[in-house]
file target07.cif (mmCIF, C-alpha atoms)
data_entry
loop_
_atom_site.label_atom_id
_atom_site.label_comp_id
_atom_site.auth_asym_id
_atom_site.auth_seq_id
_atom_site.Cartn_x
_atom_site.Cartn_y
_atom_site.Cartn_z
CA MET A 16 24.87 23.82 30.53
CA GLY A 17 27.46 21.04 30.45
CA GLU A 18 30.48 21.06 28.16
CA ARG A 19 31.04 17.28 27.87
CA PRO A 20 28.65 16.61 24.91
CA VAL A 21 30.81 18.84 22.72
CA LEU A 22 34.00 17.08 23.78
CA VAL A 23 32.74 13.63 22.88
CA GLU A 24 31.35 14.75 19.52
CA MET A 25 34.53 16.25 18.06
CA PRO A 26 36.83 14.07 15.93
CA LYS A 27 40.27 13.39 17.34
CA VAL A 28 42.04 13.75 13.96
CA GLY A 29 45.12 12.05 15.36
CA LYS A 30 45.27 14.31 18.42
CA SER A 31 44.39 13.73 22.04
CA LEU A 32 41.49 15.71 23.46
CA ASP A 33 42.89 15.47 26.97
CA ARG A 34 44.77 18.77 26.80
CA ARG A 35 42.21 20.63 24.69
CA THR A 36 39.56 22.79 26.26
CA ALA A 37 35.96 23.30 25.18
CA ARG A 38 36.89 26.74 23.82
CA ASP A 39 39.62 25.14 21.66
CA ILE A 40 37.04 22.79 20.18
CA ILE A 41 34.49 25.56 19.53
CA ALA A 42 37.23 27.61 17.85
CA GLU A 43 37.93 24.57 15.67
CA LYS A 44 34.25 24.26 14.81
CA ILE A 45 34.10 27.89 13.75
CA MET A 46 37.19 27.39 11.58
CA VAL A 47 35.46 24.43 9.91
CA LEU A 48 32.47 26.66 9.13
CA ILE A 49 34.85 29.10 7.44
CA ALA A 50 36.87 26.38 5.67
CA THR A 51 33.71 24.95 4.10
CA ASN A 52 32.27 28.35 3.06
CA MET A 53 29.33 28.22 5.46
CA LEU A 54 30.88 31.42 6.77
CA ARG A 55 32.54 33.70 4.21
CA PRO A 56 34.88 36.71 4.51
CA GLY A 57 32.86 39.71 5.62
CA ASP A 58 30.02 37.68 7.13
CA GLU A 59 28.80 38.72 10.56
CA LEU A 60 29.20 35.90 13.06
CA PRO A 61 25.96 35.03 14.89
CA GLY A 62 25.83 36.34 18.44
CA GLU A 63 27.40 34.55 21.39
CA ARG A 64 24.06 33.43 22.78
CA GLU A 65 22.97 32.00 19.43
CA LEU A 66 26.22 30.13 18.90
CA ALA A 67 26.16 28.85 22.48
CA ASN A 68 22.65 27.45 21.97
CA VAL A 69 23.54 25.76 18.70
CA MET A 70 26.82 24.27 19.96
CA HIS A 71 25.52 23.37 23.43
CA VAL A 72 28.14 25.25 25.41
CA SER A 73 28.20 28.34 27.60
CA ARG A 74 28.49 31.88 26.27
CA GLU A 75 31.81 32.16 28.08
CA THR A 76 33.15 29.23 26.06
CA VAL A 77 32.02 30.86 22.80
CA ARG A 78 33.54 34.18 23.88
CA GLY A 79 36.86 32.49 24.62
CA ALA A 80 36.85 30.76 21.23
CA ILE A 81 36.16 34.06 19.46
CA GLN A 82 39.03 35.70 21.33
CA GLN A 83 41.36 32.90 20.22
CA LEU A 84 40.38 33.31 16.58
CA ALA A 85 40.60 37.09 16.75
CA ALA A 86 44.16 36.76 18.06
CA ARG A 87 44.95 34.67 14.96
CA ASN A 88 43.33 37.27 12.67
CA ILE A 89 40.64 34.79 11.60
CA LEU A 90 37.90 36.97 13.09
CA ASP A 91 37.63 40.76 13.22
CA VAL A 92 36.31 41.93 16.57
CA ALA A 93 35.47 45.61 16.98
CA GLN A 94 33.92 47.35 19.97
CA GLY A 95 30.26 48.15 19.39
CA SER A 96 29.85 46.09 16.21
CA ARG A 97 29.30 42.46 15.27
CA THR A 98 32.23 40.10 14.89
CA ARG A 99 33.07 39.47 11.23
CA ILE A 100 34.97 36.81 9.31
CA SER A 101 38.35 38.12 8.17
CA ASN A 102 39.45 37.98 4.55
CA ILE A 103 41.21 34.66 5.00
CA ASP A 104 41.26 31.35 3.13
CA LEU A 105 41.05 28.27 5.35
CA SER A 106 40.01 25.81 2.63
CA HIS A 107 43.32 23.96 3.03
CA LEU A 108 42.50 22.97 6.61
CA PRO A 109 41.30 19.42 7.32
CA VAL A 110 37.55 19.35 7.92
CA THR A 111 37.73 15.99 9.67
CA ILE A 112 39.98 13.67 7.64
CA VAL A 113 40.68 15.78 4.54
CA SER A 114 40.28 19.41 3.46
CA SER A 115 37.22 20.83 1.74
CA ASN A 116 39.40 21.37 -1.35
CA ALA A 117 40.01 17.62 -1.52
CA ILE A 118 36.32 16.74 -1.20
CA ASN A 119 35.30 19.35 -3.77
CA SER A 120 37.64 17.83 -6.36
CA TYR A 121 35.27 14.87 -6.77
CA ASP A 122 32.35 14.62 -9.20
CA LEU A 123 28.89 15.41 -7.82
CA ASP A 124 27.45 12.03 -8.88
CA ALA A 125 30.33 10.19 -7.21
CA VAL A 126 29.81 12.05 -3.94
CA HIS A 127 26.05 11.49 -4.03
CA ALA A 128 26.54 7.77 -4.65
CA ALA A 129 29.02 7.59 -1.77
CA ARG A 130 26.57 9.35 0.55
CA LEU A 131 23.81 6.91 -0.35
CA HIS A 132 26.14 3.96 0.13
CA VAL A 133 27.74 5.00 3.42
CA GLU A 134 25.59 7.67 5.05
CA LEU A 135 22.39 5.63 5.03
CA LYS A 136 24.22 2.83 6.87
CA VAL A 137 25.63 5.32 9.37
CA VAL A 138 22.28 6.96 10.17
CA GLY A 139 20.63 3.55 10.35
CA ASP A 140 23.15 2.51 12.98
CA ALA A 141 22.58 5.84 14.73
CA ALA A 142 18.85 5.11 14.91
CA GLU A 143 19.58 2.01 16.97
CA ALA A 144 22.32 3.51 19.16
CA ILE A 145 21.24 7.13 19.72
CA ASP A 146 20.75 8.22 23.33
CA ASP A 147 18.19 10.53 24.90
CA GLU A 148 20.74 13.32 25.35
CA THR A 149 21.41 13.45 21.60
CA ILE A 150 17.68 13.35 20.83
CA ALA A 151 17.23 16.34 23.15
CA LYS A 152 20.04 18.17 21.38
CA LEU A 153 18.44 17.51 17.98
CA GLU A 154 15.12 18.86 19.27
CA ASP A 155 16.90 22.00 20.49
CA LEU A 156 18.49 22.37 17.04
CA LEU A 157 15.07 22.12 15.40
CA GLU A 158 14.00 25.06 17.53
CA ALA A 159 17.16 26.95 16.53
CA HIS A 160 16.33 26.15 12.88
CA ARG A 161 12.88 27.60 13.36
CA LEU A 162 14.10 30.75 15.07
CA GLY A 163 16.73 31.32 12.37
CA GLY A 164 14.02 32.18 9.84
CA ASP A 165 15.17 32.56 6.24
CA ASP A 166 18.84 33.23 7.03
CA ALA A 167 20.74 30.59 4.98
CA MET A 168 23.99 31.06 6.89
CA ARG A 169 22.37 30.53 10.27
CA PHE A 170 20.41 27.56 8.97
CA LEU A 171 23.58 25.87 7.70
CA ILE A 172 25.39 26.40 11.00
CA CYS A 173 22.53 24.56 12.72
CA ASP A 174 22.36 22.05 9.88
CA ARG A 175 25.97 20.99 10.35
CA GLU A 176 25.50 20.47 14.07
CA PHE A 177 22.32 18.51 13.31
CA HIS A 178 23.95 16.15 10.81
CA VAL A 179 27.21 15.65 12.72
CA SER A 180 25.33 14.88 15.96
CA ILE A 181 23.47 12.08 14.17
CA TYR A 182 26.62 10.75 12.49
CA ARG A 183 28.43 10.63 15.85
CA ALA A 184 25.57 8.60 17.34
CA CYS A 185 26.42 5.66 15.05
CA GLY A 186 29.24 4.68 17.42
CA ASN A 187 31.99 4.47 14.79
CA PRO A 188 34.04 7.69 14.83
CA LEU A 189 35.92 6.91 11.60
CA LEU A 190 32.71 6.40 9.63
CA ALA A 191 31.26 9.52 11.24
CA ASP A 192 34.29 11.56 10.15
CA PHE A 193 34.14 10.18 6.62
CA VAL A 194 30.44 10.99 6.25
CA THR A 195 31.03 14.46 7.70
CA ASP A 196 33.60 15.09 4.96
CA LEU A 197 31.02 14.05 2.36
CA TYR A 198 28.50 16.38 3.99
CA THR A 199 30.80 19.39 3.43
CA TYR A 200 30.89 18.85 -0.35
CA MET A 201 30.38 22.08 -2.32
CA MET A 202 29.08 23.95 0.69
CA ASP A 203 29.25 27.27 -1.19
CA PHE A 204 26.58 25.90 -3.54
CA ARG A 205 24.57 24.63 -0.56
CA ARG A 206 24.48 28.13 0.91
CA SER A 207 23.20 29.47 -2.41
CA ALA A 208 20.63 26.67 -2.58
CA MET A 209 19.35 27.43 0.91
CA SER A 210 18.88 31.08 -0.06
CA ARG A 211 16.18 30.12 -2.56
CA PRO A 212 12.54 30.62 -1.52
CA GLY A 213 11.13 27.61 0.32
CA ALA A 214 14.44 25.75 0.57
CA ILE A 215 14.91 26.21 4.32
CA ASP A 216 11.30 25.22 5.03
CA ALA A 217 11.70 22.04 2.96
CA SER A 218 14.91 21.06 4.78
CA TYR A 219 13.33 21.89 8.13
CA ARG A 220 10.44 19.53 7.36
CA ASP A 221 12.95 16.82 6.43
CA HIS A 222 14.73 17.36 9.74
CA VAL A 223 11.49 17.11 11.71
CA GLU A 224 10.72 13.80 10.00
CA ILE A 225 14.24 12.53 10.76
CA VAL A 226 14.00 13.44 14.46
CA GLU A 227 10.57 11.83 14.78
CA ALA A 228 11.96 8.60 13.32
CA LEU A 229 15.04 8.76 15.54
CA ARG A 230 12.86 9.29 18.59
CA ARG A 231 11.12 5.98 17.75
CA ARG A 232 14.52 4.32 17.08
CA ASP A 233 13.00 3.24 13.76
CA ARG A 234 15.94 2.31 11.53
CA GLU A 235 13.92 1.94 8.33
CA ALA A 236 12.06 5.24 8.80
CA VAL A 237 15.30 7.12 9.56
CA THR A 238 16.97 5.64 6.48
CA GLN A 239 14.05 6.56 4.24
CA ALA A 240 13.85 10.10 5.65
CA PHE A 241 17.58 10.58 5.07
CA ARG A 242 17.35 9.14 1.55
CA LYS A 243 14.71 11.75 0.67
CA HIS A 244 16.83 14.48 2.28
CA LEU A 245 19.97 13.44 0.38
CA GLN A 246 18.06 13.34 -2.88
CA ARG A 247 16.88 16.90 -2.28
CA ILE A 248 20.47 18.03 -1.60
CA TYR A 249 21.70 16.29 -4.73
CA ALA A 250 19.00 17.76 -6.98
CA THR A 251 19.46 21.35 -5.80
CA THR A 252 23.26 21.15 -5.93
CA ARG A 253 23.18 19.66 -9.43
CA GLU A 254 20.91 22.47 -10.61
CA LEU A 255 23.20 25.16 -9.19
CA VAL A 256 26.33 23.53 -10.62
CA ALA A 257 24.66 23.39 -14.04
CA ASP A 258 23.63 27.06 -13.77
CA ALA A 259 27.18 28.05 -12.82
CA GLY A 260 28.55 26.09 -15.76
CA SER A 261 26.15 27.80 -18.15
CA ARG A 262 27.14 31.23 -16.86
CA MET A 263 30.84 30.46 -17.27
CA LYS A 264 30.26 29.15 -20.79
CA GLY A 265 28.24 32.25 -21.71
CA SER A 266 30.91 34.53 -20.28
CA GLY A 267 33.58 32.73 -22.28
CA GLN A 268 31.63 33.11 -25.51
CA GLU A 269 31.15 36.84 -24.90
CA GLN A 270 34.91 37.30 -24.49
CA GLN A 271 35.70 35.58 -27.77
#
call {"tool": "encode", "arguments": {"input": "target07.cif", "output": "C-alpha cells"}}
result
Amino acid sequence: MGERPVLVEMPKVGKSLDRRTARDIIAEKIMVLIATNMLRPGDELPGERELANVMHVSRETVRGAIQQLAARNILDVAQGSRTRISNIDLSHLPVTIVSSNAINSYDLDAVHAARLHVELKVVGDAAEAIDDETIAKLEDLLEAHRLGGDDAMRFLICDREFHVSIYRACGNPLLADFVTDLYTYMMDFRRSAMSRPGAIDASYRDHVEIVEALRRRDREAVTQAFRKHLQRIYATTRELVADAGSRMKGSGQEQQ
C-alpha cells in the first residue's frame, strides 16, 4: 500500500512536508482526533490494522506513529492490552488553521451558515476535480464504516477521513483547511449524536449517496447530498446543545 496519498492530503500549516515522514503525519492525524474529542482520555485506540486501512498506510507506519505518541505521553501503551489515550488535553493544538477551542467559541447557527456557504462550493468543485484514486479511497472508507458497526468513535474516525478526502479533492488547500476546521465544530456533541440509535446508519446512507454522486462527477447531486448531510448534522447538534443547556439550567436551579 503506497504512502503518497496521505502525504498529499495533509495540510502544510506553514511547514514543509519534505522532511516529514508518513509516520509523523499519521501521528499528527491521531493528535487531531484527540484535540477534537473524537478520541477521549481513556479510550482504546483502534487496532493497527484498522487504523492502517482507514488512513491508507501500512501497519508499520501506524506502529511508528503510536510509538512516537507514546514517547510523548499522549498514548499509553502496555504489553498485552490495547493502546489507550492518556489523560491529556490537546484542544489548544491547531486542527488545520486554528484550534478546536477557537472553532467551538462560535455560535452553532453561524457555523452552520458558514458550512452551507463555503462547504457546498468546496464539494461542488471536488465533484469536478476528484480523481479515481480518491474515489477508490472513499469506497474503502464506506466499507470501513460498514465494518465499524455501531461504534461511534470508530465511525467518526472514518468520517473525518471521508470528509477531508473530499475537501482536499477541490484543489484549493486553503479552502480545504478552512472547511476542515468547520467540520471539527463541537465534535464532542457529534460523538454523542452518533451514539444514538440509527444515527450511524443514517450518516452511512448519506455517505453512500455522496460517493455515488462523486463517482458520476455530478456537481449538483453532490451538492444536494451534502446539503442534506449538513442539515442532519446541524439538527442533531442543535438538539444536543439544547439538551445540555437544559441540564445545566436544571442543575443550577437545584443548587439554589
call {"tool": "atom_distance", "arguments": {"input": "target07.cif", "atom1": "CA of Gly213 in chain A", "atom2": "CA of Glu176 in chain A"}}
result
21.1 Å
call {"tool": "closest_residue", "arguments": {"input": "target07.cif", "among": "A:Glu227, A:Asp216, A:Asp233, A:Glu63", "to": "Ala151 in chain A", "atoms": "all atoms listed in the file"}}
result
A:Glu227
call {"tool": "closest_residue", "arguments": {"input": "target07.cif", "among": "A:Ile172, A:Ala240, A:Ile40, A:Met46", "to": "Gly79 in chain A", "atoms": "all atoms listed in the file"}}
result
A:Ile40
call {"tool": "atom_distance", "arguments": {"input": "target07.cif", "atom1": "CA of Ile49 in chain A", "atom2": "CA of Ser101 in chain A"}}
result
9.7 Å
call {"tool": "resolve_selection", "arguments": {"input": "target07.cif", "expression": "the PyMOL selection byres ((chain A and resi 206) around 10)", "output": "JSON list (two decimals) with C-alpha atoms, keeping the file's coordinate frame"}}
result
[["chain", "number", "residue", "atom", "x", "y", "z"],
["A", 52, "ASN", "CA", 32.27, 28.35, 3.06],
["A", 53, "MET", "CA", 29.33, 28.22, 5.46],
["A", 54, "LEU", "CA", 30.88, 31.42, 6.77],
["A", 166, "ASP", "CA", 18.84, 33.23, 7.03],
["A", 167, "ALA", "CA", 20.74, 30.59, 4.98],
["A", 168, "MET", "CA", 23.99, 31.06, 6.89],
["A", 169, "ARG", "CA", 22.37, 30.53, 10.27],
["A", 170, "PHE", "CA", 20.41, 27.56, 8.97],
["A", 171, "LEU", "CA", 23.58, 25.87, 7.70],
["A", 201, "MET", "CA", 30.38, 22.08, -2.32],
["A", 202, "MET", "CA", 29.08, 23.95, 0.69],
["A", 203, "ASP", "CA", 29.25, 27.27, -1.19],
["A", 204, "PHE", "CA", 26.58, 25.90, -3.54],
["A", 205, "ARG", "CA", 24.57, 24.63, -0.56],
["A", 207, "SER", "CA", 23.20, 29.47, -2.41],
["A", 208, "ALA", "CA", 20.63, 26.67, -2.58],
["A", 209, "MET", "CA", 19.35, 27.43, 0.91],
["A", 210, "SER", "CA", 18.88, 31.08, -0.06],
["A", 211, "ARG", "CA", 16.18, 30.12, -2.56],
["A", 252, "THR", "CA", 23.26, 21.15, -5.93]]
call {"tool": "closest_residue", "arguments": {"input": "target07.cif", "among": "A:His127, A:Ala141, A:Cys185, A:Arg38", "to": "Thr251 in chain A", "atoms": "all atoms listed in the file"}}
result
A:His127
call {"tool": "closest_residue", "arguments": {"input": "target07.cif", "among": "A:Ser114, A:Ser180, A:Gln94, A:Ser106", "to": "Asp196 in chain A", "atoms": "all atoms listed in the file"}}
result
A:Ser114
call {"tool": "atom_distance", "arguments": {"input": "target07.cif", "atom1": "CA of Arg253 in chain A", "atom2": "CA of Phe193 in chain A"}}
result
21.6 Å
call {"tool": "closest_residue", "arguments": {"input": "target07.cif", "among": "A:Leu123, A:Tyr249, A:Lys44, A:Thr111", "to": "Pro188 in chain A", "atoms": "all atoms listed in the file"}}
result
A:Thr111
call {"tool": "residues_around", "arguments": {"input": "target07.cif", "residues": "Gln239 in chain A", "least_positions_apart": "2", "cutoff": "10 Å", "atoms": "all atoms listed in the file", "output": "ChimeraX atom specification"}}
result
/A:135,139,224-225,228,234-237,241-245
call {"tool": "residues_around", "arguments": {"input": "target07.cif", "residues": "Gln82 in chain A", "least_positions_apart": "2", "cutoff": "12 Å", "atoms": "all atoms listed in the file", "output": "list in words"}}
result
Arg38, Asp39, Ile41, Ala42, Ile45, Glu63, Glu75, Thr76, Val77, Arg78, Gly79, Ala80, Leu84, Ala85, Ala86, Arg87, Asn88, Ile89, Leu90, Asp91, Val92, Ala93 and Thr98 of chain A
call {"tool": "closest_residue", "arguments": {"input": "target07.cif", "among": "A:Ala129, A:Ile112, A:Ile215, A:Leu197", "to": "Arg161 in chain A", "atoms": "only C-alpha atoms"}}
result
A:Ile215
call {"tool": "resolve_selection", "arguments": {"input": "target07.cif", "expression": "the PyMOL selection byres ((chain A and resi 182) around 9)", "output": "list in words"}}
result
Glu134, Val137, Val138, Asp140, Ala141, Phe177, His178, Val179, Ser180, Ile181, Arg183, Ala184, Cys185, Gly186, Asn187, Pro188, Leu190, Ala191, Asp192, Val194 and Thr195 of chain A
call {"tool": "resolve_selection", "arguments": {"input": "target07.cif", "expression": "the PyMOL selection byres ((chain A and resi 58) around 6)", "output": "list in words"}}
result
Arg55, Pro56, Gly57, Glu59, Arg99 and Ile100 of chain A
call {"tool": "axis_aligned_box", "arguments": {"input": "target07.cif", "around": "range 141-147 of chain A", "padding_each_side": "6 Å", "output": "lines of an AutoDock Vina configuration file"}}
result
center_x = 20.4
center_y = 6.3
center_z = 19.8
size_x = 16.4
size_y = 20.5
size_z = 22.2
call {"tool": "decode", "arguments": {"input": "target07.cif", "residues": "range 199-211 of chain A", "atoms": "all heavy atoms", "output": "PDB file, in the first residue's frame"}}
result
ATOM      1  N   THR A 199     -14.820  20.243  12.354  1.00  0.00           N
ATOM      2  CA  THR A 199     -14.476  19.792  13.710  1.00  0.00           C
ATOM      3  C   THR A 199     -15.311  20.466  14.795  1.00  0.00           C
ATOM      4  O   THR A 199     -15.127  20.173  15.978  1.00  0.00           O
ATOM      5  CB  THR A 199     -12.988  20.064  14.013  1.00  0.00           C
ATOM      6  OG1 THR A 199     -12.742  21.475  13.987  1.00  0.00           O
ATOM      7  CG2 THR A 199     -12.088  19.374  13.000  1.00  0.00           C
ATOM      8  N   TYR A 200     -16.238  21.336  14.424  1.00  0.00           N
ATOM      9  CA  TYR A 200     -17.026  22.084  15.400  1.00  0.00           C
ATOM     10  C   TYR A 200     -17.789  21.149  16.333  1.00  0.00           C
ATOM     11  O   TYR A 200     -18.492  20.244  15.890  1.00  0.00           O
ATOM     12  CB  TYR A 200     -18.004  22.987  14.646  1.00  0.00           C
ATOM     13  CG  TYR A 200     -18.889  23.841  15.528  1.00  0.00           C
ATOM     14  CD1 TYR A 200     -18.370  24.913  16.242  1.00  0.00           C
ATOM     15  CD2 TYR A 200     -20.238  23.574  15.633  1.00  0.00           C
ATOM     16  CE1 TYR A 200     -19.180  25.710  17.036  1.00  0.00           C
ATOM     17  CE2 TYR A 200     -21.069  24.369  16.421  1.00  0.00           C
ATOM     18  CZ  TYR A 200     -20.530  25.438  17.121  1.00  0.00           C
ATOM     19  OH  TYR A 200     -21.347  26.210  17.911  1.00  0.00           O
ATOM     20  N   MET A 201     -17.637  21.383  17.638  1.00  0.00           N
ATOM     21  CA  MET A 201     -18.361  20.657  18.680  1.00  0.00           C
ATOM     22  C   MET A 201     -18.354  19.142  18.454  1.00  0.00           C
ATOM     23  O   MET A 201     -19.385  18.475  18.507  1.00  0.00           O
ATOM     24  CB  MET A 201     -19.804  21.159  18.795  1.00  0.00           C
ATOM     25  CG  MET A 201     -19.897  22.553  19.410  1.00  0.00           C
ATOM     26  SD  MET A 201     -21.567  22.983  19.906  1.00  0.00           S
ATOM     27  CE  MET A 201     -21.271  24.558  20.724  1.00  0.00           C
ATOM     28  N   MET A 202     -17.160  18.606  18.236  1.00  0.00           N
ATOM     29  CA  MET A 202     -17.063  17.188  17.930  1.00  0.00           C
ATOM     30  C   MET A 202     -17.471  16.317  19.111  1.00  0.00           C
ATOM     31  O   MET A 202     -17.906  15.174  18.924  1.00  0.00           O
ATOM     32  CB  MET A 202     -15.642  16.849  17.473  1.00  0.00           C
ATOM     33  CG  MET A 202     -15.511  15.487  16.821  1.00  0.00           C
ATOM     34  SD  MET A 202     -16.702  15.160  15.487  1.00  0.00           S
ATOM     35  CE  MET A 202     -16.172  16.344  14.253  1.00  0.00           C
ATOM     36  N   ASP A 203     -17.370  16.838  20.350  1.00  0.00           N
ATOM     37  CA  ASP A 203     -17.825  16.047  21.492  1.00  0.00           C
ATOM     38  C   ASP A 203     -19.330  15.802  21.411  1.00  0.00           C
ATOM     39  O   ASP A 203     -19.809  14.712  21.741  1.00  0.00           O
ATOM     40  CB  ASP A 203     -17.460  16.730  22.811  1.00  0.00           C
ATOM     41  CG  ASP A 203     -17.854  18.186  22.871  1.00  0.00           C
ATOM     42  OD1 ASP A 203     -18.126  18.777  21.804  1.00  0.00           O
ATOM     43  OD2 ASP A 203     -17.886  18.740  23.988  1.00  0.00           O
ATOM     44  N   PHE A 204     -20.090  16.803  20.921  1.00  0.00           N
ATOM     45  CA  PHE A 204     -21.520  16.610  20.717  1.00  0.00           C
ATOM     46  C   PHE A 204     -21.775  15.654  19.551  1.00  0.00           C
ATOM     47  O   PHE A 204     -22.725  14.872  19.580  1.00  0.00           O
ATOM     48  CB  PHE A 204     -22.213  17.950  20.455  1.00  0.00           C
ATOM     49  CG  PHE A 204     -22.406  18.782  21.687  1.00  0.00           C
ATOM     50  CD1 PHE A 204     -21.519  19.802  21.992  1.00  0.00           C
ATOM     51  CD2 PHE A 204     -23.471  18.556  22.549  1.00  0.00           C
ATOM     52  CE1 PHE A 204     -21.691  20.577  23.129  1.00  0.00           C
ATOM     53  CE2 PHE A 204     -23.651  19.325  23.686  1.00  0.00           C
ATOM     54  CZ  PHE A 204     -22.757  20.338  23.987  1.00  0.00           C
ATOM     55  N   ARG A 205     -20.933  15.723  18.512  1.00  0.00           N
ATOM     56  CA  ARG A 205     -21.114  14.815  17.371  1.00  0.00           C
ATOM     57  C   ARG A 205     -20.938  13.365  17.807  1.00  0.00           C
ATOM     58  O   ARG A 205     -21.667  12.489  17.359  1.00  0.00           O
ATOM     59  CB  ARG A 205     -20.092  15.133  16.272  1.00  0.00           C
ATOM     60  CG  ARG A 205     -20.240  16.474  15.612  1.00  0.00           C
ATOM     61  CD  ARG A 205     -21.574  16.624  14.890  1.00  0.00           C
ATOM     62  NE  ARG A 205     -21.824  15.510  14.009  1.00  0.00           N
ATOM     63  CZ  ARG A 205     -23.017  14.939  13.838  1.00  0.00           C
ATOM     64  NH1 ARG A 205     -24.066  15.359  14.522  1.00  0.00           N
ATOM     65  NH2 ARG A 205     -23.165  13.954  12.993  1.00  0.00           N
ATOM     66  N   ARG A 206     -19.977  13.123  18.685  1.00  0.00           N
ATOM     67  CA  ARG A 206     -19.787  11.740  19.146  1.00  0.00           C
ATOM     68  C   ARG A 206     -21.016  11.270  19.917  1.00  0.00           C
ATOM     69  O   ARG A 206     -21.458  10.130  19.746  1.00  0.00           O
ATOM     70  CB  ARG A 206     -18.525  11.646  20.010  1.00  0.00           C
ATOM     71  CG  ARG A 206     -18.278  10.247  20.527  1.00  0.00           C
ATOM     72  CD  ARG A 206     -16.870  10.054  21.004  1.00  0.00           C
ATOM     73  NE  ARG A 206     -16.752   8.871  21.823  1.00  0.00           N
ATOM     74  CZ  ARG A 206     -15.616   8.415  22.332  1.00  0.00           C
ATOM     75  NH1 ARG A 206     -14.486   9.039  22.074  1.00  0.00           N
ATOM     76  NH2 ARG A 206     -15.594   7.345  23.091  1.00  0.00           N
ATOM     77  N   SER A 207     -21.586  12.149  20.744  1.00  0.00           N
ATOM     78  CA  SER A 207     -22.817  11.790  21.457  1.00  0.00           C
ATOM     79  C   SER A 207     -23.960  11.554  20.481  1.00  0.00           C
ATOM     80  O   SER A 207     -24.756  10.622  20.637  1.00  0.00           O
ATOM     81  CB  SER A 207     -23.189  12.901  22.441  1.00  0.00           C
ATOM     82  OG  SER A 207     -22.208  13.051  23.444  1.00  0.00           O
ATOM     83  N   ALA A 208     -24.040  12.410  19.461  1.00  0.00           N
ATOM     84  CA  ALA A 208     -25.116  12.264  18.469  1.00  0.00           C
ATOM     85  C   ALA A 208     -25.014  10.935  17.741  1.00  0.00           C
ATOM     86  O   ALA A 208     -26.026  10.265  17.498  1.00  0.00           O
ATOM     87  CB  ALA A 208     -25.058  13.424  17.471  1.00  0.00           C
ATOM     88  N   MET A 209     -23.784  10.540  17.394  1.00  0.00           N
ATOM     89  CA  MET A 209     -23.611   9.301  16.641  1.00  0.00           C
ATOM     90  C   MET A 209     -23.825   8.073  17.508  1.00  0.00           C
ATOM     91  O   MET A 209     -23.915   6.955  16.990  1.00  0.00           O
ATOM     92  CB  MET A 209     -22.227   9.265  15.996  1.00  0.00           C
ATOM     93  CG  MET A 209     -21.970  10.384  14.997  1.00  0.00           C
ATOM     94  SD  MET A 209     -23.323  10.696  13.844  1.00  0.00           S
ATOM     95  CE  MET A 209     -23.375   9.132  12.971  1.00  0.00           C
ATOM     96  N   SER A 210     -23.912   8.250  18.823  1.00  0.00           N
ATOM     97  CA  SER A 210     -24.193   7.122  19.712  1.00  0.00           C
ATOM     98  C   SER A 210     -25.682   6.820  19.802  1.00  0.00           C
ATOM     99  O   SER A 210     -26.069   5.801  20.366  1.00  0.00           O
ATOM    100  CB  SER A 210     -23.649   7.421  21.124  1.00  0.00           C
ATOM    101  OG  SER A 210     -22.246   7.583  21.096  1.00  0.00           O
ATOM    102  N   ARG A 211     -26.511   7.689  19.259  1.00  0.00           N
ATOM    103  CA  ARG A 211     -27.957   7.477  19.305  1.00  0.00           C
ATOM    104  C   ARG A 211     -28.371   6.402  18.297  1.00  0.00           C
ATOM    105  O   ARG A 211     -27.770   6.288  17.218  1.00  0.00           O
ATOM    106  CB  ARG A 211     -28.695   8.780  19.013  1.00  0.00           C
ATOM    107  CG  ARG A 211     -28.524   9.837  20.113  1.00  0.00           C
ATOM    108  CD  ARG A 211     -29.337  11.074  19.829  1.00  0.00           C
ATOM    109  NE  ARG A 211     -29.427  11.934  20.995  1.00  0.00           N
ATOM    110  CZ  ARG A 211     -30.204  12.998  21.066  1.00  0.00           C
ATOM    111  NH1 ARG A 211     -30.959  13.335  20.022  1.00  0.00           N
ATOM    112  NH2 ARG A 211     -30.244  13.719  22.170  1.00  0.00           N
TER     113      ARG A 211
END
